[in-house]
>>> print(open('run_4.tsv').read())   # TSV, C-alpha atoms and all ligand atoms
chain	number	residue	atom	x	y	z
A	173	MET	CA	44.69	1.16	19.89
A	174	ILE	CA	42.62	-1.10	17.63
A	175	PHE	CA	41.31	-2.80	20.67
A	176	ALA	CA	40.27	0.55	22.11
A	177	ILE	CA	38.39	1.45	18.94
A	178	LEU	CA	36.66	-1.88	18.93
A	179	LEU	CA	35.72	-1.49	22.54
A	180	PHE	CA	34.34	1.93	21.76
A	181	LEU	CA	32.36	0.50	18.87
A	182	CYS	CA	31.00	-2.27	21.00
A	183	PHE	CA	29.86	0.23	23.57
A	184	PHE	CA	28.47	2.60	20.95
A	185	SER	CA	26.57	-0.05	19.09
A	186	GLN	CA	24.76	-1.07	22.21
A	187	ALA	CA	24.09	2.39	23.56
A	188	GLU	CA	23.11	4.17	20.35
A	189	ALA	CA	22.04	1.29	18.13
A	190	LEU	CA	24.25	1.87	15.12
A	191	PRO	CA	22.47	1.48	11.82
A	192	VAL	CA	22.59	-2.09	10.68
A	193	ILE	CA	22.52	-3.42	7.18
A	194	VAL	CA	21.04	-6.75	6.28
A	195	LYS	CA	20.76	-8.66	3.07
A	196	ASN	CA	17.31	-9.19	1.62
A	197	ASP	CA	16.83	-11.00	-1.68
A	198	GLY	CA	20.47	-10.35	-2.44
A	199	ILE	CA	20.29	-6.61	-1.81
A	200	TRP	CA	21.80	-4.85	1.19
A	201	MET	CA	19.23	-2.81	3.06
A	202	VAL	CA	19.93	-0.25	5.75
A	203	ASP	CA	17.85	0.63	8.79
A	204	ILE	CA	17.06	4.22	7.80
A	205	GLU	CA	15.76	5.41	11.14
A	206	ASN	CA	19.00	4.67	12.95
A	207	LEU	CA	21.06	5.96	10.07
A	208	ALA	CA	19.19	9.28	10.14
A	209	LYS	CA	19.41	9.51	13.91
A	210	SER	CA	23.12	8.85	13.87
A	211	GLU	CA	23.44	11.97	11.68
A	212	GLY	CA	21.39	14.00	14.12
A	213	LEU	CA	18.28	14.15	11.93
A	214	THR	CA	14.83	14.31	13.48
A	215	THR	CA	12.70	11.43	12.28
A	216	SER	CA	8.97	10.98	12.00
A	217	TRP	CA	6.73	8.17	10.86
A	218	GLN	CA	3.23	8.54	9.45
A	219	PRO	CA	1.45	5.21	9.82
A	220	ILE	CA	-1.47	6.16	7.55
A	221	GLU	CA	0.66	6.93	4.52
A	222	ARG	CA	3.50	4.69	5.73
A	223	HIS	CA	5.68	7.67	5.19
A	224	PHE	CA	9.06	8.07	6.87
A	225	LYS	CA	10.69	11.48	7.10
A	226	ALA	CA	14.06	12.61	8.41
A	227	GLU	CA	14.84	16.27	8.73
A	228	GLY	CA	17.86	18.29	9.68
A	229	LYS	CA	19.23	21.77	9.16
A	230	ASN	CA	20.75	21.20	5.74
A	231	PHE	CA	19.28	17.92	4.64
A	232	ASN	CA	15.98	16.12	4.64
A	233	CYS	CA	14.76	12.94	3.07
A	234	SER	CA	11.64	10.83	2.99
A	235	PHE	CA	10.50	7.38	1.92
A	236	VAL	CA	7.18	5.66	1.53
A	237	VAL	CA	7.22	2.00	2.43
A	238	GLY	CA	6.65	-0.15	-0.63
A	239	PHE	CA	7.97	2.36	-3.15
A	240	PRO	CA	11.37	2.48	-4.80
A	241	TYR	CA	11.99	6.19	-4.28
A	242	ILE	CA	13.85	8.45	-1.93
A	243	PHE	CA	12.97	12.11	-1.78
A	244	ALA	CA	16.11	13.89	-0.77
A	245	SER	CA	16.16	17.66	-0.41
A	246	GLY	CA	13.34	18.16	-2.86
A	247	LYS	CA	14.49	15.67	-5.48
A	248	ALA	CA	12.99	12.27	-6.27
A	249	ILE	CA	15.58	9.58	-6.84
A	250	LYS	CA	14.64	6.13	-8.08
A	251	LEU	CA	15.97	3.23	-6.03
A	252	SER	CA	16.72	-0.24	-7.29
A	253	THR	CA	14.23	-1.85	-4.95
A	254	PRO	CA	11.26	-0.68	-2.84
A	255	THR	CA	11.64	0.22	0.81
A	256	ILE	CA	10.27	-2.38	3.19
A	257	PHE	CA	8.88	-2.54	6.67
A	258	ALA	CA	9.86	-5.60	8.65
A	259	ASP	CA	10.70	-6.30	12.27
A	260	ASP	CA	9.38	-2.84	13.19
A	261	THR	CA	12.13	-1.32	11.09
A	262	ILE	CA	12.12	0.60	7.82
A	263	TRP	CA	14.71	-0.82	5.44
A	264	VAL	CA	15.93	1.06	2.39
A	265	PRO	CA	18.45	0.00	-0.28
A	266	ALA	CA	21.82	0.60	1.38
A	267	THR	CA	24.14	1.40	-1.51
A	268	GLU	CA	22.08	4.19	-3.04
A	269	THR	CA	21.00	5.65	0.29
A	270	MET	CA	24.56	5.71	1.57
A	271	GLU	CA	25.67	7.55	-1.54
A	272	ILE	CA	23.06	10.21	-0.91
A	273	PHE	CA	24.02	10.52	2.75
A	274	SER	CA	27.67	10.55	1.88
A	275	GLU	CA	27.16	13.53	-0.41
A	276	ALA	CA	24.87	15.33	2.01
A	277	PHE	CA	27.18	14.99	4.99
A	278	SER	CA	30.50	14.98	3.09
A	279	LYS	CA	31.52	11.77	4.73
A	280	ASN	CA	32.95	8.49	3.70
A	281	TYR	CA	30.92	5.89	5.40
A	282	SER	CA	32.48	2.59	6.16
A	283	LEU	CA	31.20	-0.78	6.97
A	284	ASP	CA	32.81	-2.97	9.50
A	285	SER	CA	34.70	-5.81	7.93
A	286	ALA	CA	31.71	-8.08	8.02
A	287	LYS	CA	29.64	-5.42	6.27
A	288	ARG	CA	27.20	-5.48	9.09
A	289	ILE	CA	27.40	-2.07	10.58
A	290	LEU	CA	27.74	1.35	9.09
A	291	LEU	CA	29.84	3.81	10.98
A	292	SER	CA	29.03	7.44	10.68
A	293	GLN	CA	32.67	8.46	10.89
A	294	PRO	CA	35.59	7.10	8.94
A	295	ILE	CA	37.29	4.41	10.92
A	296	SER	CA	41.06	4.25	11.17
A	297	LYS	CA	43.12	2.56	8.49
A	298	ASP	CA	44.24	0.00	11.02
A	299	SER	CA	40.81	-1.20	11.79
A	300	GLU	CA	39.81	-1.12	8.14
A	301	GLN	CA	42.58	-3.53	7.35
A	302	LYS	CA	41.65	-5.78	10.17
A	303	ASN	CA	39.67	-8.55	8.72
A	304	GLN	CA	37.48	-9.47	11.62
A	305	ALA	CA	34.30	-7.98	12.95
A	306	PRO	CA	34.18	-6.80	16.52
A	307	THR	CA	33.04	-9.74	18.52
A	308	CYS	CA	30.18	-7.95	20.17
A	309	ILE	CA	28.35	-7.41	16.91
A	310	LYS	CA	25.49	-9.76	16.58
A	311	PRO	CA	25.45	-11.83	13.43
A	312	ALA	CA	23.69	-10.30	10.48
A	313	GLN	CA	20.15	-11.38	10.24
A	314	THR	CA	19.32	-13.82	7.56
A	315	ASP	CA	16.86	-12.67	4.96
A	316	LEU	CA	14.11	-10.60	6.48
A	317	PRO	CA	10.72	-12.22	6.88
A	318	ILE	CA	9.27	-10.06	4.20
A	319	HIS	CA	5.89	-10.70	2.91
A	320	LYS	CA	6.06	-11.74	-0.72
A	321	SER	CA	2.47	-11.01	-1.68
A	322	GLY	CA	2.19	-9.43	-5.08
A	323	SER	CA	5.83	-9.84	-5.86
A	324	GLU	CA	4.81	-12.09	-8.68
A	325	ALA	CA	3.49	-10.32	-11.74
A	326	ALA	CA	-0.28	-10.13	-11.75
A	327	GLY	CA	-1.67	-13.02	-13.73
A	328	SER	CA	1.18	-15.36	-12.97
A	329	ARG	CA	-0.81	-17.27	-10.40
A	330	GLU	CA	-4.36	-18.41	-9.90
A	331	VAL	CA	-6.87	-15.97	-8.40
A	332	LYS	CA	-7.65	-17.76	-5.17
A	333	ASN	CA	-7.58	-15.49	-2.10
A	334	ILE	CA	-10.19	-12.77	-2.17
A	335	VAL	CA	-10.06	-10.04	0.44
A	336	ILE	CA	-13.30	-8.18	1.03
A	337	ASP	CA	-13.16	-4.92	2.90
A	338	PRO	CA	-16.48	-3.74	4.37
A	339	GLY	CA	-15.97	0.04	4.42
A	340	HIS	CA	-15.96	2.07	7.64
A	341	GLY	CA	-17.06	0.48	10.96
A	342	GLY	CA	-17.11	1.26	14.67
A	343	LYS	CA	-16.86	4.99	15.36
A	344	ASP	CA	-16.87	5.68	11.63
A	345	PRO	CA	-20.42	5.12	10.30
A	346	GLY	CA	-19.62	6.23	6.75
A	347	ALA	CA	-22.50	7.89	4.92
A	348	ILE	CA	-25.81	8.00	6.74
A	349	GLY	CA	-29.13	7.36	5.00
A	350	LYS	CA	-32.74	7.63	6.14
A	351	ILE	CA	-32.95	4.13	7.57
A	352	SER	CA	-29.36	2.90	7.73
A	353	GLN	CA	-25.64	3.57	7.89
A	354	GLU	CA	-23.07	2.74	5.24
A	355	LYS	CA	-20.91	0.68	7.61
A	356	ASN	CA	-23.77	-1.79	8.28
A	357	ILE	CA	-24.76	-2.23	4.65
A	358	ALA	CA	-21.12	-2.83	3.72
A	359	LEU	CA	-20.70	-5.48	6.43
A	360	SER	CA	-23.95	-7.33	5.64
A	361	ILE	CA	-23.15	-7.50	1.93
A	362	ALA	CA	-19.53	-8.50	2.66
A	363	LYS	CA	-20.82	-11.46	4.69
A	364	GLU	CA	-23.19	-12.51	1.92
A	365	LEU	CA	-20.37	-12.15	-0.57
A	366	LYS	CA	-18.12	-14.31	1.55
A	367	LYS	CA	-20.76	-17.06	1.49
A	368	ALA	CA	-21.21	-16.78	-2.27
A	369	LEU	CA	-17.47	-16.83	-2.99
A	370	THR	CA	-16.76	-19.66	-0.55
A	371	ALA	CA	-19.41	-21.71	-2.33
A	372	LYS	CA	-17.50	-21.15	-5.58
A	373	GLY	CA	-14.31	-22.46	-3.98
A	374	PHE	CA	-12.48	-19.20	-3.26
A	375	ASN	CA	-10.64	-18.50	-0.01
A	376	VAL	CA	-12.26	-15.43	1.45
A	377	LYS	CA	-11.16	-13.06	4.17
A	378	LEU	CA	-12.94	-10.01	5.53
A	379	THR	CA	-10.92	-7.09	6.89
A	380	ARG	CA	-13.58	-6.85	9.61
A	381	GLU	CA	-16.26	-9.34	10.64
A	382	THR	CA	-17.90	-7.07	13.20
A	383	ASP	CA	-18.75	-3.42	13.72
A	384	THR	CA	-15.20	-2.33	14.49
A	385	PHE	CA	-13.04	0.55	13.40
A	386	ILE	CA	-9.94	-0.22	11.33
A	387	GLU	CA	-7.61	2.48	10.02
A	388	LEU	CA	-7.77	2.94	6.25
A	389	SER	CA	-4.09	2.17	5.86
A	390	GLU	CA	-4.37	-1.04	7.86
A	391	ARG	CA	-6.93	-2.58	5.51
A	392	PRO	CA	-4.67	-3.19	2.49
A	393	GLN	CA	-2.00	-4.39	4.90
A	394	ILE	CA	-4.38	-7.08	6.11
A	395	ALA	CA	-4.88	-8.04	2.48
A	396	ASN	CA	-1.11	-8.17	1.92
A	397	ARG	CA	-0.54	-10.30	4.99
A	398	TRP	CA	-3.18	-12.69	3.80
A	399	ASN	CA	-1.53	-12.96	0.42
A	400	GLY	CA	-4.63	-11.70	-1.37
A	401	ASP	CA	-5.09	-11.98	-5.10
A	402	LEU	CA	-7.87	-9.43	-5.25
A	403	PHE	CA	-8.96	-6.67	-2.87
A	404	ILE	CA	-12.55	-5.37	-2.96
A	405	SER	CA	-13.55	-2.51	-0.69
A	406	LEU	CA	-17.35	-2.14	-0.36
A	407	HIS	CA	-19.04	1.23	0.09
A	408	CYS	CA	-22.22	3.23	-0.47
A	409	ASN	CA	-22.23	6.53	-2.27
A	410	ALA	CA	-24.01	9.64	-1.01
A	411	VAL	CA	-24.85	13.16	-2.11
A	412	ASP	CA	-26.49	16.09	-0.44
A	413	GLY	CA	-28.61	18.89	-1.76
A	414	PRO	CA	-31.82	19.22	-3.76
A	415	ARG	CA	-31.08	16.33	-6.15
A	416	LYS	CA	-30.40	14.00	-3.25
A	417	ASN	CA	-33.32	11.66	-3.98
A	418	LYS	CA	-32.58	11.54	-7.69
A	419	VAL	CA	-28.90	10.72	-7.90
A	420	GLU	CA	-28.43	6.99	-8.30
A	421	GLY	CA	-26.21	4.25	-9.63
A	422	PHE	CA	-23.13	2.22	-8.85
A	423	ARG	CA	-19.54	3.01	-9.67
A	424	VAL	CA	-16.38	0.92	-9.49
A	425	TYR	CA	-13.14	2.70	-8.66
A	426	VAL	CA	-9.50	1.92	-9.10
A	427	LEU	CA	-6.62	3.87	-7.64
A	428	ARG	CA	-5.76	6.31	-10.38
A	429	ASP	CA	-5.12	9.99	-10.83
A	430	PRO	CA	-8.70	11.35	-10.86
A	431	GLU	CA	-10.06	12.72	-14.11
A	432	SER	CA	-13.17	14.42	-12.81
A	433	GLU	CA	-14.10	16.66	-9.90
A	434	GLU	CA	-16.94	14.27	-9.02
A	435	ASP	CA	-14.58	11.35	-8.58
A	436	LYS	CA	-12.22	13.54	-6.57
A	437	ALA	CA	-15.08	14.52	-4.28
A	438	ILE	CA	-16.06	10.89	-3.72
A	439	ALA	CA	-12.49	10.02	-2.80
A	440	ARG	CA	-12.34	12.95	-0.39
A	441	ARG	CA	-15.51	11.74	1.33
A	442	GLU	CA	-14.25	8.17	1.60
A	443	ASN	CA	-10.89	9.36	2.88
A	444	LYS	CA	-12.41	11.65	5.45
A	445	VAL	CA	-12.14	9.28	8.36
A	446	VAL	CA	-8.41	9.90	8.36
A	447	THR	CA	-8.93	13.53	9.28
A	448	LEU	CA	-11.94	12.98	11.52
A	449	TYR	CA	-10.36	10.57	13.90
A	450	GLY	CA	-7.05	10.37	15.58
A	451	ASP	CA	-4.40	11.52	13.21
A	452	LYS	CA	-4.38	15.29	13.04
A	453	ASP	CA	-1.79	15.30	10.30
A	454	GLY	CA	-4.02	13.05	8.25
A	455	LYS	CA	-5.21	14.33	4.92
A	456	ASP	CA	-7.87	13.42	2.48
A	457	GLU	CA	-6.00	13.77	-0.78
A	458	ILE	CA	-2.96	12.21	-2.35
A	459	SER	CA	-0.46	14.88	-3.38
A	460	PRO	CA	1.08	14.98	-6.88
A	461	VAL	CA	4.41	13.92	-5.41
A	462	GLU	CA	2.76	10.90	-3.81
A	463	TRP	CA	1.05	9.99	-7.06
A	464	PHE	CA	4.45	9.92	-8.64
A	465	LYS	CA	5.63	7.50	-6.00
A	466	ILE	CA	2.60	5.27	-6.29
A	467	GLU	CA	2.55	5.18	-10.08
A	468	ALA	CA	5.25	2.57	-10.62
A	469	ARG	CA	3.48	0.04	-8.46
A	470	LEU	CA	0.06	0.83	-9.90
A	471	GLU	CA	1.33	0.02	-13.35
A	472	LYS	CA	1.87	-3.56	-12.30
A	473	TYR	CA	-1.73	-4.17	-11.24
A	474	LYS	CA	-3.47	-1.77	-13.57
A	475	GLN	CA	-4.38	-4.23	-16.26
A	476	SER	CA	-5.84	-6.79	-13.87
A	477	SER	CA	-7.63	-4.15	-11.81
A	478	TYR	CA	-9.31	-2.97	-15.02
A	479	MET	CA	-10.12	-6.53	-16.05
A	480	PHE	CA	-11.95	-7.09	-12.80
A	481	THR	CA	-13.66	-3.71	-13.03
A	482	GLU	CA	-15.01	-4.62	-16.45
A	483	SER	CA	-16.36	-7.96	-15.23
A	484	LEU	CA	-17.95	-6.26	-12.25
A	485	ILE	CA	-19.71	-3.62	-14.35
A	486	LYS	CA	-20.97	-6.30	-16.72
A	487	THR	CA	-22.43	-8.59	-14.05
A	488	TYR	CA	-23.76	-5.80	-11.84
A	489	GLU	CA	-25.46	-3.63	-14.40
A	490	ASP	CA	-28.35	-6.00	-15.21
A	491	GLY	CA	-29.28	-5.89	-11.55
A	492	LYS	CA	-31.55	-3.46	-9.81
A	493	ILE	CA	-28.94	-0.70	-9.49
A	494	LYS	CA	-27.81	0.76	-12.81
A	495	LYS	CA	-24.42	2.14	-13.56
A	496	MET	CA	-23.60	5.77	-13.03
A	497	GLY	CA	-21.97	7.19	-16.13
A	498	SER	CA	-19.54	4.63	-17.52
A	499	GLY	CA	-19.69	2.76	-14.21
A	500	ALA	CA	-15.97	3.13	-13.69
A	501	GLY	CA	-13.75	5.82	-12.30
A	502	GLY	CA	-10.45	6.47	-10.65
A	503	ALA	CA	-9.37	8.57	-7.72
A	504	GLY	CA	-7.01	8.65	-4.77
A	505	PHE	CA	-8.64	6.30	-2.32
A	506	MET	CA	-6.42	5.91	0.71
A	507	VAL	CA	-7.86	2.47	1.39
A	508	LEU	CA	-6.39	1.19	-1.88
A	509	VAL	CA	-2.94	2.67	-1.31
A	510	GLY	CA	-0.66	-0.08	-0.12
A	511	ALA	CA	-2.48	-3.08	-1.55
A	512	PHE	CA	0.01	-5.20	-3.46
A	513	MET	CA	-2.64	-6.81	-5.65
A	514	PRO	CA	-5.38	-5.73	-8.04
A	515	ALA	CA	-7.73	-3.60	-5.96
A	516	THR	CA	-11.06	-1.86	-6.44
A	517	LEU	CA	-13.38	0.26	-4.37
A	518	PHE	CA	-16.99	-0.46	-5.16
A	519	GLU	CA	-19.68	2.16	-4.51
A	520	LEU	CA	-22.62	-0.27	-4.56
A	521	GLY	CA	-25.31	2.39	-4.84
A	522	PHE	CA	-26.50	5.60	-3.21
A	523	ILE	CA	-27.54	5.45	0.42
A	524	SER	CA	-28.92	8.95	-0.07
A	525	ASN	CA	-31.32	7.63	-2.69
A	526	PRO	CA	-34.32	6.13	-0.80
A	527	GLU	CA	-34.96	3.38	-3.32
A	528	GLU	CA	-31.37	2.22	-3.53
A	529	GLU	CA	-31.00	2.46	0.23
A	530	LYS	CA	-34.04	0.23	0.73
A	531	TYR	CA	-32.72	-2.28	-1.78
A	532	MET	CA	-29.25	-2.44	-0.26
A	533	ASN	CA	-30.85	-3.06	3.15
A	534	SER	CA	-33.19	-5.84	2.00
A	535	ILE	CA	-32.14	-9.46	2.40
A	536	GLN	CA	-33.06	-10.17	-1.20
A	537	GLY	CA	-31.10	-7.13	-2.41
A	538	GLN	CA	-28.01	-8.08	-0.41
A	539	LYS	CA	-28.11	-11.64	-1.74
A	540	ASP	CA	-28.47	-10.44	-5.30
A	541	ILE	CA	-25.65	-7.91	-4.97
A	542	ALA	CA	-23.39	-10.58	-3.44
A	543	LYS	CA	-24.24	-13.05	-6.18
A	544	ARG	CA	-23.40	-10.55	-8.90
A	545	ILE	CA	-20.06	-9.59	-7.36
A	546	ALA	CA	-19.21	-13.27	-6.86
A	547	ASN	CA	-19.99	-13.93	-10.53
A	548	ALA	CA	-17.68	-11.08	-11.51
A	549	VAL	CA	-14.90	-12.60	-9.41
A	550	SER	CA	-15.46	-15.97	-11.12
A	551	GLU	CA	-15.33	-14.37	-14.52
A	552	TYR	CA	-12.15	-12.53	-13.62
A	553	HIS	CA	-10.66	-15.76	-12.30
A	554	ASP	CA	-11.41	-17.51	-15.60
A	555	GLU	CA	-9.95	-14.67	-17.64
A	556	ILE	CA	-6.73	-14.81	-15.64
A	557	GLU	CA	-6.64	-18.59	-16.19
A	558	GLU	CA	-6.99	-18.05	-19.95
A	559	TYR	CA	-4.16	-15.57	-19.78
A	560	ARG	CA	-2.03	-17.99	-17.77
A	561	LYS	CA	-2.54	-20.64	-20.45
A	562	THR	CA	-1.14	-18.33	-23.11
A	563	LEU	CA	1.89	-17.73	-20.88
A	564	SER	CA	2.65	-21.42	-20.53
A	565	HIS	CA	2.57	-22.04	-24.26
B	601	ZN	ZN	-17.48	4.60	2.22
>>> encode(input="run_4.tsv", output="structure tokens", more="lines below")
Ligand SMILES: [Zn+2]
Amino acid sequence: MIFAILLFLCFFSQAEALPVIVKNDGIWMVDIENLAKSEGLTTSWQPIERHFKAEGKNFNCSFVVGFPYIFASGKAIKLSTPTIFADDTIWVPATETMEIFSEAFSKNYSLDSAKRILLSQPISKDSEQKNQAPTCIKPAQTDLPIHKSGSEAAGSREVKNIVIDPGHGGKDPGAIGKISQEKNIALSIAKELKKALTAKGFNVKLTRETDTFIELSERPQIANRWNGDLFISLHCNAVDGPRKNKVEGFRVYVLRDPESEEDKAIARRENKVVTLYGDKDGKDEISPVEWFKIEARLEKYKQSSYMFTESLIKTYEDGKIKKMGSGAGGAGFMVLVGAFMPATLFELGFISNPEEEKYMNSIQGQKDIAKRIANAVSEYHDEIEEYRKTLSH
């Protein structure tokens, strides 16, 4: 009888891919997609928001990769550790998730004796007592190859790897001025900035080196993979209407619940590419529920993101382009969601303002802008070093 059950399990695990649990950093994680499917739930995956959803008749749940929350039947439940994406699989903390599933489906889930596989029906007492795993089960994976970027508290290591993200590109021109397009200005200045930062000894990586299109959500992922210490997304602002030629100035943004309608509008414009191309479910705003999910992670990088923002405003404002309002703002920029490091979106100036457009297109202007941003990075680097010294004492 036991043998028959084991044979059945062996067959089942190969045919249906039973949900597997693996240990990562000492915590058991379960493959949520297979777990949901084994309960007959319909699953979907939104690559832009990195949002996983499983829906059934009486139960639904969702996760966002990188955040320690599960949303189960309308309730947000905090998890002990964030969900992760590795080996093309979404892993969520097993213990808590299994409790939620157990309640939802009135089932006692069991692991096989080696705690490798979760069975969606109670297994017989006999096989529970048996102390060996079915032989066909492949050994549990060792720790997942999970990227560790940003897992250290901000400020605990030197600011070394700078990721510059030239906004837009390829089929997405960004804002269009009289003589130029945002995507080209962003790329030219990013290249100048790379030169200036490399000369100062930083490691620099651009999310794009050519006129190519990269999804908004992919950009912070590139930064994560590269183990970035700072993420700077470069853009040009734009307005329409009768005051078009008058509106001017730069503004530095961090990912934050927006305080003004103006900042909200800028975020909507920058996020627009999501809805214009490809993904018809894409959206241009972060919902209140998503803000809630993002908040915990933002907290970790908030202080350093603000530190850099302050340096940037200081070094940039004696240049040709003056600051707009306080020079700083916050809104839901999709390009910043998912960066596990201090991150800012920099609206260098208005492409809709003829004078600023001309300046941002001139060689001299681009060099000056790059120099100022590079100086801000240096200053930020030094401030973090000062802070690190106080930690070591
Ligand atoms: Zn832009």
>>> atom_distance(input="run_4.tsv", atom1="CA of Gly400 in chain A", atom2="CA of Asn333 in chain A")
4.9 Å
>>> closest_atom_pairs(input="run_4.tsv", of="chain A", to="ligand ZN 601 (chain B)", cutoff="9 Å", atoms="all atoms listed in the file", output="JSON lines")
{"residue": "A:Pro338", "atom": "CA", "partner": "B:ZN601", "partner_atom": "ZN", "distance": 8.7}
{"residue": "A:Gly339", "atom": "CA", "partner": "B:ZN601", "partner_atom": "ZN", "distance": 5.3}
{"residue": "A:His340", "atom": "CA", "partner": "B:ZN601", "partner_atom": "ZN", "distance": 6.2}
{"residue": "A:Pro345", "atom": "CA", "partner": "B:ZN601", "partner_atom": "ZN", "distance": 8.6}
{"residue": "A:Gly346", "atom": "CA", "partner": "B:ZN601", "partner_atom": "ZN", "distance": 5.3}
{"residue": "A:Ala347", "atom": "CA", "partner": "B:ZN601", "partner_atom": "ZN", "distance": 6.6}
{"residue": "A:Glu354", "atom": "CA", "partner": "B:ZN601", "partner_atom": "ZN", "distance": 6.6}
{"residue": "A:Lys355", "atom": "CA", "partner": "B:ZN601", "partner_atom": "ZN", "distance": 7.5}
{"residue": "A:Ala358", "atom": "CA", "partner": "B:ZN601", "partner_atom": "ZN", "distance": 8.4}
{"residue": "A:Ser405", "atom": "CA", "partner": "B:ZN601", "partner_atom": "ZN", "distance": 8.6}
{"residue": "A:Leu406", "atom": "CA", "partner": "B:ZN601", "partner_atom": "ZN", "distance": 7.2}
{"residue": "A:His407", "atom": "CA", "partner": "B:ZN601", "partner_atom": "ZN", "distance": 4.3}
{"residue": "A:Cys408", "atom": "CA", "partner": "B:ZN601", "partner_atom": "ZN", "distance": 5.6}
{"residue": "A:Asn409", "atom": "CA", "partner": "B:ZN601", "partner_atom": "ZN", "distance": 6.8}
{"residue": "A:Ala410", "atom": "CA", "partner": "B:ZN601", "partner_atom": "ZN", "distance": 8.9}
{"residue": "A:Ile438", "atom": "CA", "partner": "B:ZN601", "partner_atom": "ZN", "distance": 8.8}
{"residue": "A:Ala439", "atom": "CA", "partner": "B:ZN601", "partner_atom": "ZN", "distance": 8.9}
{"residue": "A:Arg441", "atom": "CA", "partner": "B:ZN601", "partner_atom": "ZN", "distance": 7.5}
{"residue": "A:Glu442", "atom": "CA", "partner": "B:ZN601", "partner_atom": "ZN", "distance": 4.9}
{"residue": "A:Asn443", "atom": "CA", "partner": "B:ZN601", "partner_atom": "ZN", "distance": 8.2}
{"residue": "A:Leu517", "atom": "CA", "partner": "B:ZN601", "partner_atom": "ZN", "distance": 8.9}
{"residue": "A:Phe518", "atom": "CA", "partner": "B:ZN601", "partner_atom": "ZN", "distance": 9.0}
{"residue": "A:Glu519", "atom": "CA", "partner": "B:ZN601", "partner_atom": "ZN", "distance": 7.5}
>>> closest_residue(input="run_4.tsv", among="A:Phe422, A:Tyr559, A:Tyr473, A:Phe239", to="Lys495 in chain A", atoms="all atoms listed in the file")
A:Phe422
>>> atom_distance(input="run_4.tsv", atom1="CA of Leu427 in chain A", atom2="CA of Ala503 in chain A")
5.4 Å
>>> closest_residue(input="run_4.tsv", among="A:Val202, A:Val376, A:Val424, A:Ile351", to="Lys530 in chain A", atoms="all atoms listed in the file")
A:Ile351
>>> atom_distance(input="run_4.tsv", atom1="CA of Phe403 in chain A", atom2="CA of Ile334 in chain A")
6.3 Å
>>> closest_residue(input="run_4.tsv", among="A:Ser234, A:Ser524, A:Ser216, A:Ser498", to="Asn417 in chain A", atoms="only C-alpha atoms")
A:Ser524
>>> residues_near_point(input="run_4.tsv", point="(-13.9, -4.4, -12.1)", cutoff="12 Å", atoms="only C-alpha atoms", output="PyMOL selection string")
chain A and resi 402-405+422-427+474-489+498-502+514-519+544-553
>>> residues_around(input="run_4.tsv", residues="Lys363 in chain A", least_positions_apart="6", cutoff="12 Å", atoms="all atoms listed in the file", output="tab-separated table (two decimals) with C-alpha atoms, in the frame of the given file")
chain	number	residue	atom	x	y	z
A	335	VAL	CA	-10.06	-10.04	0.44
A	336	ILE	CA	-13.30	-8.18	1.03
A	337	ASP	CA	-13.16	-4.92	2.90
A	338	PRO	CA	-16.48	-3.74	4.37
A	356	ASN	CA	-23.77	-1.79	8.28
A	357	ILE	CA	-24.76	-2.23	4.65
A	369	LEU	CA	-17.47	-16.83	-2.99
A	370	THR	CA	-16.76	-19.66	-0.55
A	376	VAL	CA	-12.26	-15.43	1.45
A	377	LYS	CA	-11.16	-13.06	4.17
A	378	LEU	CA	-12.94	-10.01	5.53
A	379	THR	CA	-10.92	-7.09	6.89
A	380	ARG	CA	-13.58	-6.85	9.61
A	381	GLU	CA	-16.26	-9.34	10.64
A	382	THR	CA	-17.90	-7.07	13.20
A	406	LEU	CA	-17.35	-2.14	-0.36
A	535	ILE	CA	-32.14	-9.46	2.40
A	538	GLN	CA	-28.01	-8.08	-0.41
A	539	LYS	CA	-28.11	-11.64	-1.74
A	541	ILE	CA	-25.65	-7.91	-4.97
A	542	ALA	CA	-23.39	-10.58	-3.44
A	543	LYS	CA	-24.24	-13.05	-6.18
A	546	ALA	CA	-19.21	-13.27	-6.86
>>> closest_residue(input="run_4.tsv", among="A:Val509, A:Gly504, A:Asp401, A:Lys561", to="Val236 in chain A", atoms="all atoms listed in the file")
A:Val509
>>> residues_around(input="run_4.tsv", residues="Ile199 in chain A", least_positions_apart="6", cutoff="12 Å", atoms="all atoms listed in the file", output="PDB file with C-alpha atoms, in the coordinates of the input")
ATOM      1  CA  ILE A 193      22.520  -3.420   7.180  1.00  0.00           C
ATOM      2  CA  LEU A 251      15.970   3.230  -6.030  1.00  0.00           C
ATOM      3  CA  SER A 252      16.720  -0.240  -7.290  1.00  0.00           C
ATOM      4  CA  THR A 253      14.230  -1.850  -4.950  1.00  0.00           C
ATOM      5  CA  PRO A 254      11.260  -0.680  -2.840  1.00  0.00           C
ATOM      6  CA  THR A 255      11.640   0.220   0.810  1.00  0.00           C
ATOM      7  CA  ILE A 256      10.270  -2.380   3.190  1.00  0.00           C
ATOM      8  CA  TRP A 263      14.710  -0.820   5.440  1.00  0.00           C
ATOM      9  CA  VAL A 264      15.930   1.060   2.390  1.00  0.00           C
ATOM     10  CA  PRO A 265      18.450   0.000  -0.280  1.00  0.00           C
ATOM     11  CA  ALA A 266      21.820   0.600   1.380  1.00  0.00           C
ATOM     12  CA  THR A 267      24.140   1.400  -1.510  1.00  0.00           C
ATOM     13  CA  GLU A 268      22.080   4.190  -3.040  1.00  0.00           C
ATOM     14  CA  THR A 314      19.320 -13.820   7.560  1.00  0.00           C
ATOM     15  CA  ASP A 315      16.860 -12.670   4.960  1.00  0.00           C
ATOM     16  CA  LEU A 316      14.110 -10.600   6.480  1.00  0.00           C
TER      17      LEU A 316
END
